[in-house]
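J.: mmCIF, C-alpha atoms, file protein-v8.cif:
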data_upload
loop_
_atom_site.label_atom_id
_atom_site.label_comp_id
_atom_site.auth_asym_id
_atom_site.auth_seq_id
_atom_site.Cartn_x
_atom_site.Cartn_y
_atom_site.Cartn_z
CA MET A 208 -17.06 -5.26 -32.72
CA SER A 209 -14.51 -4.64 -29.97
CA LYS A 210 -15.50 -4.52 -26.32
CA THR A 211 -15.14 -1.42 -24.16
CA ALA A 212 -13.56 -1.69 -20.72
CA LEU A 213 -13.64 0.99 -18.05
CA VAL A 214 -10.71 0.87 -15.63
CA THR A 215 -10.73 3.02 -12.49
CA GLY A 216 -7.30 3.62 -11.00
CA ILE A 217 -5.71 3.24 -14.42
CA THR A 218 -2.68 5.36 -13.45
CA GLY A 219 -1.66 2.87 -10.76
CA GLN A 220 0.39 -0.28 -11.00
CA ASP A 221 -2.51 -2.68 -11.61
CA GLY A 222 -4.46 -0.30 -13.83
CA SER A 223 -1.55 0.26 -16.20
CA TYR A 224 -0.78 -3.46 -16.58
CA LEU A 225 -4.47 -4.25 -17.05
CA ALA A 226 -4.80 -1.55 -19.71
CA GLU A 227 -1.89 -3.10 -21.61
CA LEU A 228 -3.49 -6.54 -21.42
CA LEU A 229 -6.87 -5.28 -22.58
CA LEU A 230 -5.36 -3.36 -25.50
CA GLU A 231 -3.52 -6.51 -26.57
CA LYS A 232 -6.87 -8.31 -26.59
CA GLY A 233 -8.45 -5.66 -28.81
CA TYR A 234 -10.48 -3.76 -26.23
CA ARG A 235 -11.27 -0.08 -26.34
CA VAL A 236 -9.94 1.07 -22.96
CA VAL A 237 -11.35 3.98 -20.99
CA GLY A 238 -9.40 4.93 -17.88
CA LEU A 239 -10.62 6.96 -14.92
CA ALA A 240 -8.21 9.27 -13.10
CA ARG A 241 -8.70 12.06 -10.57
CA ARG A 242 -8.56 15.55 -12.03
CA SER A 243 -5.40 17.38 -11.02
CA THR A 244 -3.10 20.15 -12.15
CA HIS A 245 -0.39 17.47 -12.12
CA TYR A 246 -0.70 15.58 -15.38
CA SER A 247 2.31 13.31 -15.12
CA HIS A 248 1.24 9.66 -15.00
CA PRO A 249 4.46 7.64 -15.51
CA ASN A 250 2.74 4.26 -15.48
CA ILE A 251 0.57 5.12 -18.49
CA ASP A 252 2.66 7.68 -20.39
CA HIS A 253 3.37 5.00 -23.01
CA LEU A 254 -0.39 4.40 -23.43
CA ILE A 255 -1.38 7.99 -24.21
CA GLY A 256 -3.07 7.98 -27.60
CA LYS A 257 -4.09 4.34 -27.19
CA ILE A 258 -6.55 4.81 -24.34
CA THR A 259 -9.28 7.32 -23.51
CA LEU A 260 -8.60 9.09 -20.22
CA GLU A 261 -11.57 10.46 -18.31
CA HIS A 262 -11.50 12.44 -15.09
CA GLY A 263 -13.65 11.46 -12.15
CA ASP A 264 -13.54 10.60 -8.48
CA LEU A 265 -14.89 7.69 -6.44
CA MET A 266 -16.17 10.28 -3.95
CA ASP A 267 -18.29 11.93 -6.67
CA ALA A 268 -21.19 9.70 -7.75
CA ASP A 269 -22.22 12.03 -10.58
CA SER A 270 -18.81 11.88 -12.24
CA LEU A 271 -18.91 8.07 -12.18
CA ALA A 272 -22.44 7.94 -13.57
CA ASN A 273 -21.52 10.36 -16.37
CA VAL A 274 -18.54 8.28 -17.48
CA VAL A 275 -20.49 5.02 -17.39
CA GLN A 276 -23.43 6.57 -19.28
CA ARG A 277 -21.17 8.09 -21.92
CA HIS A 278 -19.06 5.03 -22.69
CA GLN A 279 -21.45 2.13 -21.93
CA PRO A 280 -18.62 -0.27 -21.00
CA ASP A 281 -18.96 -4.02 -21.43
CA GLU A 282 -16.58 -4.58 -18.51
CA VAL A 283 -15.78 -2.40 -15.50
CA TYR A 284 -12.68 -2.94 -13.39
CA ASN A 285 -12.82 -0.99 -10.14
CA LEU A 286 -9.19 -0.81 -9.06
CA ALA A 287 -9.14 2.71 -7.59
CA ALA A 288 -8.82 3.03 -3.82
CA GLN A 289 -6.91 4.58 -0.98
CA SER A 290 -4.66 1.59 -1.34
CA VAL A 291 -2.00 1.91 1.38
CA PRO A 292 -2.98 -0.10 4.48
CA ALA A 293 -0.52 1.76 6.73
CA ASP A 294 -1.95 5.15 5.66
CA SER A 295 -5.46 4.04 6.59
CA TRP A 296 -4.68 4.44 10.30
CA ASP A 297 -3.94 8.13 9.78
CA ASN A 298 -6.77 8.63 7.29
CA PRO A 299 -9.58 6.24 8.26
CA ILE A 300 -12.43 8.49 7.11
CA VAL A 301 -11.10 9.18 3.64
CA THR A 302 -10.19 5.48 3.35
CA GLY A 303 -13.80 4.62 4.07
CA GLU A 304 -15.12 7.23 1.66
CA ILE A 305 -12.93 6.11 -1.24
CA THR A 306 -12.23 2.43 -0.69
CA ALA A 307 -15.60 1.40 0.78
CA LEU A 308 -18.27 3.87 -0.33
CA GLY A 309 -16.44 4.64 -3.58
CA SER A 310 -16.92 1.02 -4.62
CA LEU A 311 -20.62 1.28 -3.80
CA ARG A 312 -20.92 4.43 -5.92
CA MET A 313 -19.31 2.54 -8.79
CA LEU A 314 -21.66 -0.42 -8.36
CA GLU A 315 -24.64 1.94 -8.38
CA ALA A 316 -23.46 3.63 -11.57
CA VAL A 317 -23.18 0.24 -13.25
CA ARG A 318 -26.54 -0.97 -11.92
CA ARG A 319 -28.35 2.14 -13.11
CA HIS A 320 -26.67 2.75 -16.44
CA THR A 321 -25.05 -0.48 -17.72
CA PRO A 322 -26.68 -3.36 -15.83
CA ASN A 323 -25.42 -5.91 -18.35
CA ALA A 324 -21.79 -4.92 -17.87
CA ARG A 325 -19.46 -7.29 -16.07
CA PHE A 326 -17.97 -5.81 -12.91
CA TYR A 327 -14.68 -6.58 -11.17
CA GLN A 328 -14.02 -5.33 -7.64
CA ALA A 329 -10.43 -5.26 -6.43
CA THR A 330 -10.61 -6.85 -3.00
CA SER A 331 -7.59 -7.60 -0.81
CA ARG A 332 -6.01 -10.22 1.35
CA GLU A 333 -6.42 -7.68 4.15
CA ILE A 334 -10.08 -8.70 4.51
CA PHE A 335 -8.82 -11.84 6.28
CA GLY A 336 -6.89 -9.72 8.78
CA GLY A 337 -5.74 -11.72 11.78
CA VAL A 338 -7.01 -15.19 10.83
CA ASP A 339 -4.99 -18.03 12.33
CA ASP A 340 -5.00 -20.20 9.20
CA GLU A 341 -1.62 -20.78 7.56
CA VAL A 342 -3.30 -20.96 4.16
CA VAL A 343 -6.50 -19.10 3.28
CA ASN A 344 -9.04 -19.60 0.51
CA GLU A 345 -12.48 -18.38 -0.53
CA ARG A 346 -14.11 -20.10 2.46
CA THR A 347 -11.84 -18.57 5.13
CA GLU A 348 -13.43 -16.36 7.78
CA PHE A 349 -13.14 -12.59 7.27
CA ARG A 350 -11.33 -10.88 10.16
CA ALA A 351 -10.22 -7.49 8.84
CA ASN A 352 -8.23 -5.66 11.53
CA ASN A 353 -7.26 -2.30 10.05
CA PRO A 354 -9.26 0.54 8.42
CA TYR A 355 -8.09 -0.39 4.93
CA GLY A 356 -9.00 -4.06 5.31
CA THR A 357 -12.36 -3.16 6.81
CA ALA A 358 -13.12 -0.78 3.92
CA LYS A 359 -12.13 -3.46 1.41
CA LEU A 360 -14.34 -5.97 3.21
CA TYR A 361 -17.32 -3.60 2.91
CA ALA A 362 -16.66 -3.29 -0.83
CA HIS A 363 -16.29 -7.06 -1.16
CA LEU A 364 -19.53 -7.83 0.65
CA MET A 365 -21.39 -5.10 -1.24
CA THR A 366 -20.20 -6.61 -4.53
CA ALA A 367 -21.68 -9.95 -3.47
CA THR A 368 -24.87 -8.16 -2.37
CA TYR A 369 -25.33 -6.53 -5.79
CA ARG A 370 -24.60 -9.84 -7.51
CA GLU A 371 -27.26 -11.61 -5.47
CA SER A 372 -29.81 -8.80 -5.25
CA PHE A 373 -29.67 -7.31 -8.75
CA ASP A 374 -28.26 -10.22 -10.76
CA LEU A 375 -25.18 -8.19 -11.73
CA PHE A 376 -22.23 -10.11 -13.12
CA ALA A 377 -19.96 -8.94 -10.29
CA CYS A 378 -16.78 -10.62 -9.10
CA GLY A 379 -14.45 -9.94 -6.19
CA GLY A 380 -10.78 -10.68 -6.71
CA ILE A 381 -9.21 -11.34 -3.30
CA LEU A 382 -5.65 -10.55 -4.27
CA PHE A 383 -2.68 -11.12 -2.04
CA ASN A 384 0.26 -8.70 -2.21
CA HIS A 385 1.39 -8.15 -5.76
CA GLU A 386 4.29 -5.95 -6.78
CA SER A 387 6.26 -4.68 -9.77
CA PRO A 388 8.63 -1.90 -10.81
CA ARG A 389 5.50 0.28 -11.13
CA ARG A 390 4.68 0.00 -7.41
CA SER A 391 4.59 3.30 -5.52
CA LEU A 392 7.15 4.15 -2.84
CA HIS A 393 4.52 3.85 -0.11
CA PHE A 394 4.74 0.06 -0.34
CA VAL A 395 7.54 -1.77 1.45
CA THR A 396 8.78 -3.73 -1.57
CA ARG A 397 9.40 -0.62 -3.67
CA LYS A 398 10.65 1.27 -0.64
CA VAL A 399 13.35 -1.39 -0.24
CA THR A 400 14.28 -1.70 -3.91
CA MET A 401 14.51 2.07 -4.34
CA ALA A 402 16.65 2.31 -1.19
CA VAL A 403 18.98 -0.32 -2.65
CA ALA A 404 19.34 1.73 -5.83
CA CYS A 405 19.92 4.97 -3.91
CA ILE A 406 22.63 3.40 -1.74
CA LYS A 407 24.29 1.62 -4.67
CA HIS A 408 24.43 4.80 -6.76
CA GLY A 409 25.23 7.08 -3.80
CA VAL A 410 22.26 9.32 -4.58
CA PRO A 411 22.69 12.57 -2.59
CA ASN A 412 18.98 13.49 -2.56
CA PRO A 413 16.87 10.35 -2.31
CA PRO A 414 13.09 10.43 -2.77
CA LEU A 415 10.97 10.95 0.34
CA ASN A 416 9.43 8.14 2.35
CA GLU A 417 5.87 8.03 3.73
CA ALA A 418 6.93 10.24 6.64
CA GLY A 419 8.06 12.97 4.24
CA GLU A 420 11.74 12.37 5.00
CA PRO A 421 14.63 11.18 2.81
CA LEU A 422 14.22 7.47 2.12
CA VAL A 423 17.90 6.86 2.87
CA ARG A 424 19.90 8.60 5.58
CA ASN A 425 23.53 7.85 6.34
CA GLY A 426 23.38 4.83 4.08
CA LYS A 427 20.39 3.30 5.89
CA VAL A 428 16.67 2.84 5.27
CA GLN A 429 14.15 2.57 8.10
CA LEU A 430 11.41 -0.05 7.93
CA GLY A 431 8.78 -1.40 10.31
CA ASN A 432 8.42 -5.00 11.47
CA LEU A 433 11.11 -7.05 9.75
CA ASP A 434 9.41 -10.28 10.81
CA ALA A 435 6.12 -9.45 9.07
CA VAL A 436 5.24 -12.12 6.53
CA ARG A 437 3.57 -11.70 3.12
CA ASP A 438 2.60 -13.73 0.08
CA TRP A 439 4.05 -11.73 -2.82
CA GLY A 440 3.31 -12.16 -6.53
CA HIS A 441 3.79 -10.15 -9.72
CA ALA A 442 1.13 -7.58 -10.64
CA ARG A 443 1.48 -8.31 -14.35
CA GLU A 444 0.26 -11.86 -13.73
CA TYR A 445 -2.48 -10.83 -11.31
CA VAL A 446 -4.26 -8.54 -13.79
CA ASP A 447 -4.57 -11.52 -16.11
CA ALA A 448 -6.53 -13.26 -13.34
CA MET A 449 -8.84 -10.24 -13.10
CA TRP A 450 -9.65 -10.44 -16.80
CA ARG A 451 -10.23 -14.19 -16.65
CA MET A 452 -12.79 -13.78 -13.87
CA LEU A 453 -14.99 -11.67 -16.13
CA GLN A 454 -14.83 -14.20 -18.98
CA GLN A 455 -16.55 -16.99 -17.02
CA ASP A 456 -20.14 -18.16 -17.40
CA THR A 457 -21.05 -17.29 -13.83
CA PRO A 458 -19.64 -14.58 -11.52
CA GLN A 459 -17.66 -15.80 -8.52
CA ASP A 460 -15.04 -14.54 -6.07
CA TYR A 461 -11.47 -15.83 -6.27
CA VAL A 462 -8.36 -15.80 -4.10
CA ILE A 463 -5.27 -14.89 -6.13
CA GLY A 464 -1.92 -15.59 -4.47
CA THR A 465 1.17 -17.77 -4.76
CA ASN A 466 0.73 -20.01 -1.71
CA THR A 467 4.19 -18.96 -0.50
CA ALA A 468 5.27 -16.61 2.28
CA TYR A 469 8.38 -14.54 2.97
CA THR A 470 9.41 -12.04 5.63
CA ILE A 471 10.55 -8.46 5.21
CA ARG A 472 14.00 -9.78 6.15
CA ASP A 473 13.85 -12.14 3.16
CA LEU A 474 12.83 -9.21 0.98
CA CYS A 475 15.79 -7.14 2.18
CA GLN A 476 18.24 -9.99 1.77
CA VAL A 477 17.26 -10.67 -1.85
CA ALA A 478 17.04 -7.00 -2.81
CA PHE A 479 20.39 -5.90 -1.38
CA ASP A 480 22.09 -9.07 -2.65
CA GLN A 481 21.01 -8.19 -6.19
CA ALA A 482 23.15 -5.04 -5.91
CA GLY A 483 26.01 -6.79 -4.13
CA LEU A 484 25.24 -5.19 -0.75
CA ASP A 485 24.88 -6.57 2.78
CA TRP A 486 21.32 -5.71 3.87
CA GLU A 487 22.13 -5.85 7.58
CA LYS A 488 24.44 -2.86 7.18
CA HIS A 489 21.76 -0.73 5.57
CA VAL A 490 18.40 -1.62 7.20
CA GLU A 491 16.96 -0.46 10.53
CA SER A 492 13.67 -1.37 12.17
CA ALA A 493 11.88 1.71 13.56
CA ASP A 494 8.91 1.68 15.92
CA ARG A 495 7.26 4.60 14.10
CA PHE A 496 6.79 2.43 11.03
CA MET A 497 5.13 -0.41 12.94
CA ARG A 498 1.42 -1.08 12.34
CA PRO A 499 -0.90 -0.85 15.36
CA THR A 500 -2.10 -4.35 14.42
CA GLU A 501 -0.37 -6.80 12.11
CA ILE A 502 -2.13 -9.18 9.75
CA ALA A 503 -1.49 -12.88 10.25
CA ALA A 504 1.18 -14.73 8.33
CA SER A 505 -0.84 -16.60 5.70
CA LYS A 506 -0.57 -17.82 2.13
CA GLY A 507 -3.12 -17.46 -0.66
CA ASP A 508 -4.53 -20.75 -1.95
CA TYR A 509 -5.12 -20.19 -5.67
CA SER A 510 -6.43 -23.71 -6.38
CA LYS A 511 -9.95 -22.51 -7.28
CA ALA A 512 -8.52 -19.96 -9.72
CA LYS A 513 -6.33 -22.66 -11.25
CA ALA A 514 -9.27 -25.05 -11.65
CA ASP A 515 -11.83 -22.53 -12.96
CA LEU A 516 -9.71 -19.88 -14.68
CA GLY A 517 -6.65 -21.86 -15.74
CA TRP A 518 -4.57 -19.31 -13.82
CA GLU A 519 -1.47 -19.90 -11.73
CA PRO A 520 1.56 -17.76 -10.82
CA LYS A 521 4.76 -18.31 -12.76
CA ILE A 522 7.09 -15.54 -11.52
CA GLY A 523 8.62 -16.43 -8.13
CA PHE A 524 9.40 -14.12 -5.23
CA GLU A 525 13.16 -13.81 -5.85
CA ALA A 526 12.72 -13.14 -9.57
CA LEU A 527 10.14 -10.45 -8.78
CA ILE A 528 12.34 -8.61 -6.28
CA ARG A 529 15.44 -8.84 -8.47
CA GLU A 530 13.45 -7.41 -11.39
CA MET A 531 12.35 -4.49 -9.21
CA VAL A 532 15.90 -3.79 -8.02
CA ASP A 533 17.24 -3.87 -11.58
CA ALA A 534 14.51 -1.47 -12.69
CA ASP A 535 15.29 1.01 -9.91
CA LEU A 536 19.03 0.79 -10.54
CA ALA A 537 18.38 1.56 -14.22
CA LEU A 538 15.95 4.36 -13.33
CA LEU A 539 18.47 6.17 -11.13
CA ALA A 540 21.28 5.55 -13.57
CA ARG A 541 19.30 7.57 -16.13
#
Reformat the file's structure so that it appears as structure tokens.

T.:
Amino acid sequence: MSKTALVTGITGQDGSYLAELLLEKGYRVVGLARRSTHYSHPNIDHLIGKITLEHGDLMDADSLANVVQRHQPDEVYNLAAQSVPADSWDNPIVTGEITALGSLRMLEAVRRHTPNARFYQATSREIFGGVDDEVVNERTEFRANNPYGTAKLYAHLMTATYRESFDLFACGGILFNHESPRRSLHFVTRKVTMAVACIKHGVPNPPLNEAGEPLVRNGKVQLGNLDAVRDWGHAREYVDAMWRMLQQDTPQDYVIGTNTAYTIRDLCQVAFDQAGLDWEKHVESADRFMRPTEIAASKGDYSKAKADLGWEPKIGFEALIREMVDADLALLAR
């Protein structure tokens, strides 16, 4: 008999890749999405007819309980969140409601209605905030320093609390930045790769950036701190780590990263080079896109995941960014 998996945030980058993986493994996949009059979900359009799509909201405990009761999932992957760290400064309350308390509502639904289900909570590197360590692992001190990271830390600690208090099989995946062609334009990687495609194709009406303005103006894209450093991996590989966590004998938390680090300058250089462009002619740093506080430059030590889960990253930073540029060039060419 096939297992049933419930995936919140299924319309996002991670949710769509995870749904594909689960379908390949023979799962029945139920996805949770917010109800809207806008029914276009590009990341999962190719999965319609293969998955069951339910409507619910992490701010509505009853909707979560109803879905869990109805489908009795064997595994629950809570990926939904207000997931843009920069936006959390402008929307700290809704970030807390969705990213922090929404995770608690999901845990409660599982505890009350499917206590034997295995639960995955999408945590984030942002829970480490401004730590001084060059490399971080599962034992590193938590020092979240923005509303998003703080909300994710609440969800992470509450997951551990439910594991210890109610004997739930609950795991926290502390994922470092992970990207793909399915990333939204609110994230700097996709913002850069889409800008490259717009400039290369001479698009007259580029998509809007997070400020509601054209992404590219006069052949240039505006970014924040070009010296900010991140550990970037591929989302398609990271969802495999999520699944592996729930197949273990005992629930544990894992850091998922690549143990490498690159700057936004490096990102721009690789992305524009893929289209034969000089990034320095097309990129500007703007104060209005700077974060009030910046997270420390650190790498994710995945050694525990490698030892326990048999997981390690295989797609490198340059290959990832070049794939994203090629995808956006092809998208705009169509």

J.: Hey, which of A:Val301, A:Met497, A:Ala404, A:Leu239 ends up closest to A:Ile251? Count all atoms listed in the file.

T.: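 Going through A:Val301, A:Met497, A:Ala404, A:Leu239 one by one, the smallest distance to A:Ile251 is for A:Leu239.
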
J.: Decode the PyMOL selection byres ((chain A and resi 386) around 9) for the given file into explicit residues and return them as a ChimeraX atom specification.

T.: /A:220-221,384-385,387-390,394,396-397,439-443,527-528,531

J.: Applying the PyMOL selection byres ((chain A and resi 225) around 10) to the file I just gave you, which residues come out? Please list them as a list in words.

T.: Val214, Ile217, Gly219, Gln220, Asp221, Gly222, Ser223, Tyr224, Ala226, Glu227, Leu228, Leu229, Leu230, Glu231, Val236, Tyr284, Leu286, Ala442, Arg443, Glu444, Tyr445, Val446, Asp447, Ala448, Met449 and Trp450 of chain A

J.: Do you know which residues the PyMOL selection byres ((chain A and resi 452-457) around 9) returns on this file, as a ChimeraX atom specification?

T.: /A:282,325-327,376-380,447-451,458-461,512,515-516

J.: Under the rule that only C-alpha atoms are counted, which of A:Phe349, A:Phe373, A:Tyr355, A:Trp486 is the nearest residue to A:Lys407?

T.: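 Closest candidate: A:Trp486.
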
J.: Enter the distance from atom CA of A:Asp339 to atom CA of A:Arg437, in Å, rounded to one decimal.

T.: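 Calculated distance between atom CA of A:Asp339 and atom CA of A:Arg437 is 14.1 Å.
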
J.: Would it be fine to have stretch 369-457 of chain A, with C-alpha atoms, given as a JSON list (two decimals), in the first residue's frame?

T.:
[["chain", "number", "residue", "atom", "x", "y", "z"],
["A", 369, "TYR", "CA", 6.91, 18.33, 20.28],
["A", 370, "ARG", "CA", 9.43, 15.58, 19.53],
["A", 371, "GLU", "CA", 10.55, 15.47, 23.15],
["A", 372, "SER", "CA", 7.21, 16.16, 24.83],
["A", 373, "PHE", "CA", 4.81, 14.10, 22.71],
["A", 374, "ASP", "CA", 7.17, 11.54, 21.15],
["A", 375, "LEU", "CA", 6.36, 12.78, 17.65],
["A", 376, "PHE", "CA", 8.70, 11.73, 14.87],
["A", 377, "ALA", "CA", 9.60, 15.34, 14.06],
["A", 378, "CYS", "CA", 12.71, 16.56, 12.28],
["A", 379, "GLY", "CA", 14.06, 20.03, 11.55],
["A", 380, "GLY", "CA", 16.00, 20.49, 8.34],
["A", 381, "ILE", "CA", 18.35, 23.45, 8.79],
["A", 382, "LEU", "CA", 18.79, 24.25, 5.13],
["A", 383, "PHE", "CA", 21.23, 26.78, 3.80],
["A", 384, "ASN", "CA", 20.31, 28.80, 0.70],
["A", 385, "HIS", "CA", 19.08, 26.58, -2.09],
["A", 386, "GLU", "CA", 18.04, 27.81, -5.51],
["A", 387, "SER", "CA", 16.75, 26.67, -8.89],
["A", 388, "PRO", "CA", 14.98, 27.98, -11.99],
["A", 389, "ARG", "CA", 11.76, 27.72, -9.94],
["A", 390, "ARG", "CA", 12.93, 30.31, -7.40],
["A", 391, "SER", "CA", 10.74, 33.40, -7.11],
["A", 392, "LEU", "CA", 11.97, 36.84, -8.17],
["A", 393, "HIS", "CA", 12.09, 38.01, -4.56],
["A", 394, "PHE", "CA", 15.32, 36.06, -4.05],
["A", 395, "VAL", "CA", 18.61, 37.57, -5.19],
["A", 396, "THR", "CA", 19.74, 34.60, -7.28],
["A", 397, "ARG", "CA", 16.64, 34.62, -9.47],
["A", 398, "LYS", "CA", 16.58, 38.41, -9.48],
["A", 399, "VAL", "CA", 20.06, 38.35, -11.02],
["A", 400, "THR", "CA", 19.45, 35.55, -13.51],
["A", 401, "MET", "CA", 16.20, 37.10, -14.71],
["A", 402, "ALA", "CA", 17.93, 40.49, -15.06],
["A", 403, "VAL", "CA", 20.60, 38.83, -17.19],
["A", 404, "ALA", "CA", 17.93, 37.36, -19.47],
["A", 405, "CYS", "CA", 16.06, 40.68, -19.72],
["A", 406, "ILE", "CA", 19.23, 42.58, -20.65],
["A", 407, "LYS", "CA", 20.42, 39.92, -23.09],
["A", 408, "HIS", "CA", 17.06, 39.82, -24.89],
["A", 409, "GLY", "CA", 16.45, 43.58, -24.63],
["A", 410, "VAL", "CA", 13.08, 43.04, -22.95],
["A", 411, "PRO", "CA", 11.18, 46.36, -23.05],
["A", 412, "ASN", "CA", 8.90, 45.58, -20.07],
["A", 413, "PRO", "CA", 10.81, 43.55, -17.49],
["A", 414, "PRO", "CA", 9.06, 41.94, -14.51],
["A", 415, "LEU", "CA", 8.81, 43.98, -11.32],
["A", 416, "ASN", "CA", 11.27, 43.73, -8.45],
["A", 417, "GLU", "CA", 10.39, 43.59, -4.74],
["A", 418, "ALA", "CA", 9.94, 47.37, -4.70],
["A", 419, "GLY", "CA", 7.25, 47.13, -7.40],
["A", 420, "GLU", "CA", 9.51, 48.70, -10.03],
["A", 421, "PRO", "CA", 10.94, 47.33, -13.29],
["A", 422, "LEU", "CA", 13.69, 44.83, -12.50],
["A", 423, "VAL", "CA", 15.95, 46.38, -15.13],
["A", 424, "ARG", "CA", 16.21, 50.09, -15.89],
["A", 425, "ASN", "CA", 18.57, 51.57, -18.46],
["A", 426, "GLY", "CA", 20.30, 48.23, -18.78],
["A", 427, "LYS", "CA", 21.01, 47.94, -15.04],
["A", 428, "VAL", "CA", 19.69, 45.97, -12.08],
["A", 429, "GLN", "CA", 19.85, 47.26, -8.52],
["A", 430, "LEU", "CA", 20.92, 44.93, -5.71],
["A", 431, "GLY", "CA", 21.82, 45.32, -2.05],
["A", 432, "ASN", "CA", 25.13, 44.39, -0.42],
["A", 433, "LEU", "CA", 27.36, 42.92, -3.11],
["A", 434, "ASP", "CA", 29.78, 41.63, -0.47],
["A", 435, "ALA", "CA", 27.16, 39.52, 1.32],
["A", 436, "VAL", "CA", 28.20, 35.88, 1.40],
["A", 437, "ARG", "CA", 26.01, 32.77, 1.09],
["A", 438, "ASP", "CA", 26.30, 29.00, 0.88],
["A", 439, "TRP", "CA", 24.20, 28.12, -2.17],
["A", 440, "GLY", "CA", 23.01, 24.67, -3.24],
["A", 441, "HIS", "CA", 20.41, 23.22, -5.61],
["A", 442, "ALA", "CA", 16.84, 22.83, -4.33],
["A", 443, "ARG", "CA", 16.33, 19.60, -6.26],
["A", 444, "GLU", "CA", 19.06, 17.97, -4.19],
["A", 445, "TYR", "CA", 17.91, 19.50, -0.91],
["A", 446, "VAL", "CA", 14.40, 18.01, -1.07],
["A", 447, "ASP", "CA", 16.02, 14.59, -1.29],
["A", 448, "ALA", "CA", 17.65, 15.32, 2.08],
["A", 449, "MET", "CA", 14.23, 16.19, 3.52],
["A", 450, "TRP", "CA", 12.81, 12.84, 2.47],
["A", 451, "ARG", "CA", 15.82, 10.94, 3.82],
["A", 452, "MET", "CA", 15.38, 12.53, 7.25],
["A", 453, "LEU", "CA", 11.93, 10.98, 7.59],
["A", 454, "GLN", "CA", 13.17, 7.51, 6.61],
["A", 455, "GLN", "CA", 15.51, 7.16, 9.61],
["A", 456, "ASP", "CA", 14.92, 5.07, 12.73],
["A", 457, "THR", "CA", 15.04, 8.07, 15.04]]
